[in-house]
Structures are given as C-alpha cells and as structure tokens.
Amino acid sequence: MQTVEEIKNKYPDIFINTSGEADSFKPDALIVERDPVAVVIKHPSEDVYLISKWKQSKWCGFLTGGIEDGDTL
C-alpha cells in the first residue's frame, strides 16, 4: 500500500484527488502500476470526437485504460 505522500514523492507533478468523492484516492485500494493509454477517436467525416462520461463521477474525457500482460497495440 502507498500513502498519498509516497505517491507525491515518486510522482511530484501529478494531482491526487482526495475530495472523498467516488473518483478520489482510496488509501485501502490496491495500486497497480501499468502502461496507461488514452484513446482519441474522431469521426471520419465530421469534426466530432467520442467522449466518455463516467456515471460515478462528475467528469468526462477520452477513453482510457491500461495495457495488461499479453496485450498488444
């Protein structure tokens, strides 16, 4: 388990949400380091993009995830 202080020391330029809402840092949750991806999908003939809206939080953005062992791009 890592504390907020340990994470900030290792990654000083990141923001850690500690607001207590659904998408905030949870000290008891397992932290798994992996290679992250963000996917930008543009409509082929219109100037529009696919955006995901999360039900449990107030934000939206491009599709995100991580590359697991055995995955390829």
# chains A, B, ... in the order shown; residues from 1 in each chain; ligands from 1

$ residues_around --residues "Thr3 in chain A" --least-positions-apart "2" --cutoff "12 Å" --atoms "only C-alpha atoms" --output "list in words"
Met1, Glu5, Glu6, Ile7, Lys8, Asn9, Lys10, Ile16, Thr18, Phe25, Lys26, Pro27, Asp28, Ala29, Leu30 and Ile31 of chain A

$ write_last_selection --atoms "N, CA and C atoms" --output "PDB file, in the first residue's frame"
ATOM      1  N   MET A   1       0.842  -1.173   0.000  1.00  0.00           N
ATOM      2  CA  MET A   1       0.000   0.000   0.000  1.00  0.00           C
ATOM      3  C   MET A   1       0.894   1.245   0.000  1.00  0.00           C
ATOM      4  N   GLU A   5       1.486  10.699   0.402  1.00  0.00           N
ATOM      5  CA  GLU A   5       2.818  11.310   0.481  1.00  0.00           C
ATOM      6  C   GLU A   5       3.842  10.511  -0.326  1.00  0.00           C
ATOM      7  N   GLU A   6       3.781   9.180  -0.245  1.00  0.00           N
ATOM      8  CA  GLU A   6       4.709   8.343  -1.014  1.00  0.00           C
ATOM      9  C   GLU A   6       4.493   8.519  -2.514  1.00  0.00           C
ATOM     10  N   ILE A   7       3.237   8.605  -2.928  1.00  0.00           N
ATOM     11  CA  ILE A   7       2.935   8.790  -4.351  1.00  0.00           C
ATOM     12  C   ILE A   7       3.418  10.155  -4.819  1.00  0.00           C
ATOM     13  N   LYS A   8       3.172  11.205  -4.019  1.00  0.00           N
ATOM     14  CA  LYS A   8       3.621  12.557  -4.389  1.00  0.00           C
ATOM     15  C   LYS A   8       5.141  12.639  -4.465  1.00  0.00           C
ATOM     16  N   ASN A   9       5.847  11.916  -3.594  1.00  0.00           N
ATOM     17  CA  ASN A   9       7.310  11.902  -3.654  1.00  0.00           C
ATOM     18  C   ASN A   9       7.806  11.225  -4.925  1.00  0.00           C
ATOM     19  N   LYS A  10       7.137  10.149  -5.330  1.00  0.00           N
ATOM     20  CA  LYS A  10       7.559   9.413  -6.523  1.00  0.00           C
ATOM     21  C   LYS A  10       7.138  10.123  -7.809  1.00  0.00           C
ATOM     22  N   ILE A  16      -3.496  14.416  -7.101  1.00  0.00           N
ATOM     23  CA  ILE A  16      -4.166  13.306  -6.431  1.00  0.00           C
ATOM     24  C   ILE A  16      -5.458  13.839  -5.824  1.00  0.00           C
ATOM     25  N   THR A  18      -8.235  13.960  -3.435  1.00  0.00           N
ATOM     26  CA  THR A  18      -8.505  13.492  -2.067  1.00  0.00           C
ATOM     27  C   THR A  18      -9.818  14.071  -1.540  1.00  0.00           C
ATOM     28  N   PHE A  25      -8.844   9.273  -4.453  1.00  0.00           N
ATOM     29  CA  PHE A  25      -7.864   8.293  -3.992  1.00  0.00           C
ATOM     30  C   PHE A  25      -8.411   7.535  -2.791  1.00  0.00           C
ATOM     31  N   LYS A  26      -8.248   6.221  -2.814  1.00  0.00           N
ATOM     32  CA  LYS A  26      -8.701   5.366  -1.715  1.00  0.00           C
ATOM     33  C   LYS A  26      -7.483   4.666  -1.116  1.00  0.00           C
ATOM     34  N   PRO A  27      -7.069   5.052   0.087  1.00  0.00           N
ATOM     35  CA  PRO A  27      -5.846   4.507   0.684  1.00  0.00           C
ATOM     36  C   PRO A  27      -5.827   2.989   0.804  1.00  0.00           C
ATOM     37  N   ASP A  28      -6.985   2.354   0.958  1.00  0.00           N
ATOM     38  CA  ASP A  28      -7.028   0.900   1.133  1.00  0.00           C
ATOM     39  C   ASP A  28      -7.089   0.128  -0.182  1.00  0.00           C
ATOM     40  N   ALA A  29      -7.247   0.824  -1.306  1.00  0.00           N
ATOM     41  CA  ALA A  29      -7.351   0.149  -2.604  1.00  0.00           C
ATOM     42  C   ALA A  29      -5.963  -0.244  -3.111  1.00  0.00           C
ATOM     43  N   LEU A  30      -5.901  -1.352  -3.811  1.00  0.00           N
ATOM     44  CA  LEU A  30      -4.652  -1.826  -4.397  1.00  0.00           C
ATOM     45  C   LEU A  30      -4.222  -0.896  -5.530  1.00  0.00           C
ATOM     46  N   ILE A  31      -2.967  -0.504  -5.547  1.00  0.00           N
ATOM     47  CA  ILE A  31      -2.420   0.320  -6.622  1.00  0.00           C
ATOM     48  C   ILE A  31      -1.612  -0.584  -7.533  1.00  0.00           C
TER      49      ILE A  31
END

$ select_by_dssp --residues "range 4-71 of chain A" --states "strand (DSSP E)" --output "PyMOL selection string"
chain A and resi 35-39+52-53+60-61+63-67

$ select_by_dssp --residues "chain A" --states "helix (DSSP H, G or I)" --output "MDAnalysis selection string"
chainID A and resid 4:10

$ residues_around --residues "range 41-45 of chain A" --least-positions-apart "3" --cutoff "9 Å" --atoms "only C-alpha atoms" --output "MDAnalysis selection string"
chainID A and resid 48:51 62:63

$ closest_residue --among "A:Ala22, A:Ile67, A:Ile14, A:Cys60" --to "Val37 in chain A" --atoms "only C-alpha atoms"
A:Ile67

$ residues_around --residues "Lys58 in chain A" --least-positions-apart "2" --cutoff "12 Å" --atoms "only C-alpha atoms" --output "list in words"
Glu21, Ala22, Asp23, Ser24, Ser52, Lys53, Trp54, Lys55, Gln56, Cys60 and Gly61 of chain A

$ atom_distance --atom1 "CA of Asp69 in chain A" --atom2 "CA of Arg34 in chain A"
9.1 Å

$ atom_distance --atom1 "CA of Val40 in chain A" --atom2 "CA of Thr64 in chain A"
9.2 Å

$ decode --residues "chain A" --atoms "C-alpha atoms" --output "PDB file, in the first residue's frame"
ATOM      1  CA  MET A   1       0.000   0.000   0.000  1.00  0.00           C
ATOM      2  CA  GLN A   2       1.198   3.520  -0.755  1.00  0.00           C
ATOM      3  CA  THR A   3       0.246   6.719   1.013  1.00  0.00           C
ATOM      4  CA  VAL A   4      -0.547   9.993  -0.731  1.00  0.00           C
ATOM      5  CA  GLU A   5       2.818  11.310   0.481  1.00  0.00           C
ATOM      6  CA  GLU A   6       4.709   8.343  -1.014  1.00  0.00           C
ATOM      7  CA  ILE A   7       2.935   8.790  -4.351  1.00  0.00           C
ATOM      8  CA  LYS A   8       3.621  12.557  -4.389  1.00  0.00           C
ATOM      9  CA  ASN A   9       7.310  11.902  -3.654  1.00  0.00           C
ATOM     10  CA  LYS A  10       7.559   9.413  -6.523  1.00  0.00           C
ATOM     11  CA  TYR A  11       5.400  11.434  -8.978  1.00  0.00           C
ATOM     12  CA  PRO A  12       5.626  15.096  -7.881  1.00  0.00           C
ATOM     13  CA  ASP A  13       3.863  16.510 -10.962  1.00  0.00           C
ATOM     14  CA  ILE A  14       0.561  14.617 -10.640  1.00  0.00           C
ATOM     15  CA  PHE A  15      -2.681  15.690  -8.992  1.00  0.00           C
ATOM     16  CA  ILE A  16      -4.166  13.306  -6.431  1.00  0.00           C
ATOM     17  CA  ASN A  17      -7.886  13.735  -5.821  1.00  0.00           C
ATOM     18  CA  THR A  18      -8.505  13.492  -2.067  1.00  0.00           C
ATOM     19  CA  SER A  19     -12.010  15.031  -2.057  1.00  0.00           C
ATOM     20  CA  GLY A  20     -13.682  11.861  -0.784  1.00  0.00           C
ATOM     21  CA  GLU A  21     -15.962  11.543  -3.829  1.00  0.00           C
ATOM     22  CA  ALA A  22     -16.349   8.358  -5.902  1.00  0.00           C
ATOM     23  CA  ASP A  23     -13.314   9.091  -8.094  1.00  0.00           C
ATOM     24  CA  SER A  24     -10.956  10.098  -5.273  1.00  0.00           C
ATOM     25  CA  PHE A  25      -7.864   8.293  -3.992  1.00  0.00           C
ATOM     26  CA  LYS A  26      -8.701   5.366  -1.715  1.00  0.00           C
ATOM     27  CA  PRO A  27      -5.846   4.507   0.684  1.00  0.00           C
ATOM     28  CA  ASP A  28      -7.028   0.900   1.133  1.00  0.00           C
ATOM     29  CA  ALA A  29      -7.351   0.149  -2.604  1.00  0.00           C
ATOM     30  CA  LEU A  30      -4.652  -1.826  -4.397  1.00  0.00           C
ATOM     31  CA  ILE A  31      -2.420   0.320  -6.622  1.00  0.00           C
ATOM     32  CA  VAL A  32      -1.316  -1.454  -9.781  1.00  0.00           C
ATOM     33  CA  GLU A  33       1.341   0.193 -11.933  1.00  0.00           C
ATOM     34  CA  ARG A  34       0.747  -0.398 -15.639  1.00  0.00           C
ATOM     35  CA  ASP A  35       1.211   1.241 -19.008  1.00  0.00           C
ATOM     36  CA  PRO A  36      -1.765   3.605 -19.434  1.00  0.00           C
ATOM     37  CA  VAL A  37      -3.440   4.506 -22.713  1.00  0.00           C
ATOM     38  CA  ALA A  38      -5.777   7.331 -23.729  1.00  0.00           C
ATOM     39  CA  VAL A  39      -7.680   6.815 -26.966  1.00  0.00           C
ATOM     40  CA  VAL A  40      -8.837   9.721 -29.143  1.00  0.00           C
ATOM     41  CA  ILE A  41     -11.497   8.677 -31.662  1.00  0.00           C
ATOM     42  CA  LYS A  42     -12.502  11.219 -34.339  1.00  0.00           C
ATOM     43  CA  HIS A  43     -15.463  10.823 -36.671  1.00  0.00           C
ATOM     44  CA  PRO A  44     -14.070  10.209 -40.190  1.00  0.00           C
ATOM     45  CA  SER A  45     -16.063  12.946 -41.941  1.00  0.00           C
ATOM     46  CA  GLU A  46     -17.196  15.316 -39.170  1.00  0.00           C
ATOM     47  CA  ASP A  47     -15.200  17.378 -36.696  1.00  0.00           C
ATOM     48  CA  VAL A  48     -16.542  15.447 -33.666  1.00  0.00           C
ATOM     49  CA  TYR A  49     -14.857  13.173 -31.136  1.00  0.00           C
ATOM     50  CA  LEU A  50     -16.014  10.312 -28.930  1.00  0.00           C
ATOM     51  CA  ILE A  51     -16.057  11.330 -25.271  1.00  0.00           C
ATOM     52  CA  SER A  52     -16.933   9.102 -22.321  1.00  0.00           C
ATOM     53  CA  LYS A  53     -18.975  10.336 -19.360  1.00  0.00           C
ATOM     54  CA  TRP A  54     -18.472   8.392 -16.144  1.00  0.00           C
ATOM     55  CA  LYS A  55     -21.620   7.691 -14.123  1.00  0.00           C
ATOM     56  CA  GLN A  56     -19.874   7.634 -10.735  1.00  0.00           C
ATOM     57  CA  SER A  57     -18.035  10.948 -11.119  1.00  0.00           C
ATOM     58  CA  LYS A  58     -18.604  14.434 -12.477  1.00  0.00           C
ATOM     59  CA  TRP A  59     -16.040  14.374 -15.263  1.00  0.00           C
ATOM     60  CA  CYS A  60     -15.797  13.168 -18.834  1.00  0.00           C
ATOM     61  CA  GLY A  61     -12.944  12.645 -21.266  1.00  0.00           C
ATOM     62  CA  PHE A  62     -11.298  10.468 -23.847  1.00  0.00           C
ATOM     63  CA  LEU A  63     -11.404   6.703 -23.397  1.00  0.00           C
ATOM     64  CA  THR A  64      -8.707   5.470 -21.038  1.00  0.00           C
ATOM     65  CA  GLY A  65      -7.397   2.199 -19.781  1.00  0.00           C
ATOM     66  CA  GLY A  66      -4.249   0.205 -19.391  1.00  0.00           C
ATOM     67  CA  ILE A  67      -2.221  -2.389 -21.214  1.00  0.00           C
ATOM     68  CA  GLU A  68      -2.271  -5.709 -19.361  1.00  0.00           C
ATOM     69  CA  ASP A  69       0.257  -8.538 -19.651  1.00  0.00           C
ATOM     70  CA  GLY A  70      -0.087 -10.153 -23.072  1.00  0.00           C
ATOM     71  CA  ASP A  71      -1.946  -7.207 -24.660  1.00  0.00           C
ATOM     72  CA  THR A  72      -0.640  -5.675 -27.865  1.00  0.00           C
ATOM     73  CA  LEU A  73      -1.421  -2.434 -29.625  1.00  0.00           C
TER      74      LEU A  73
END
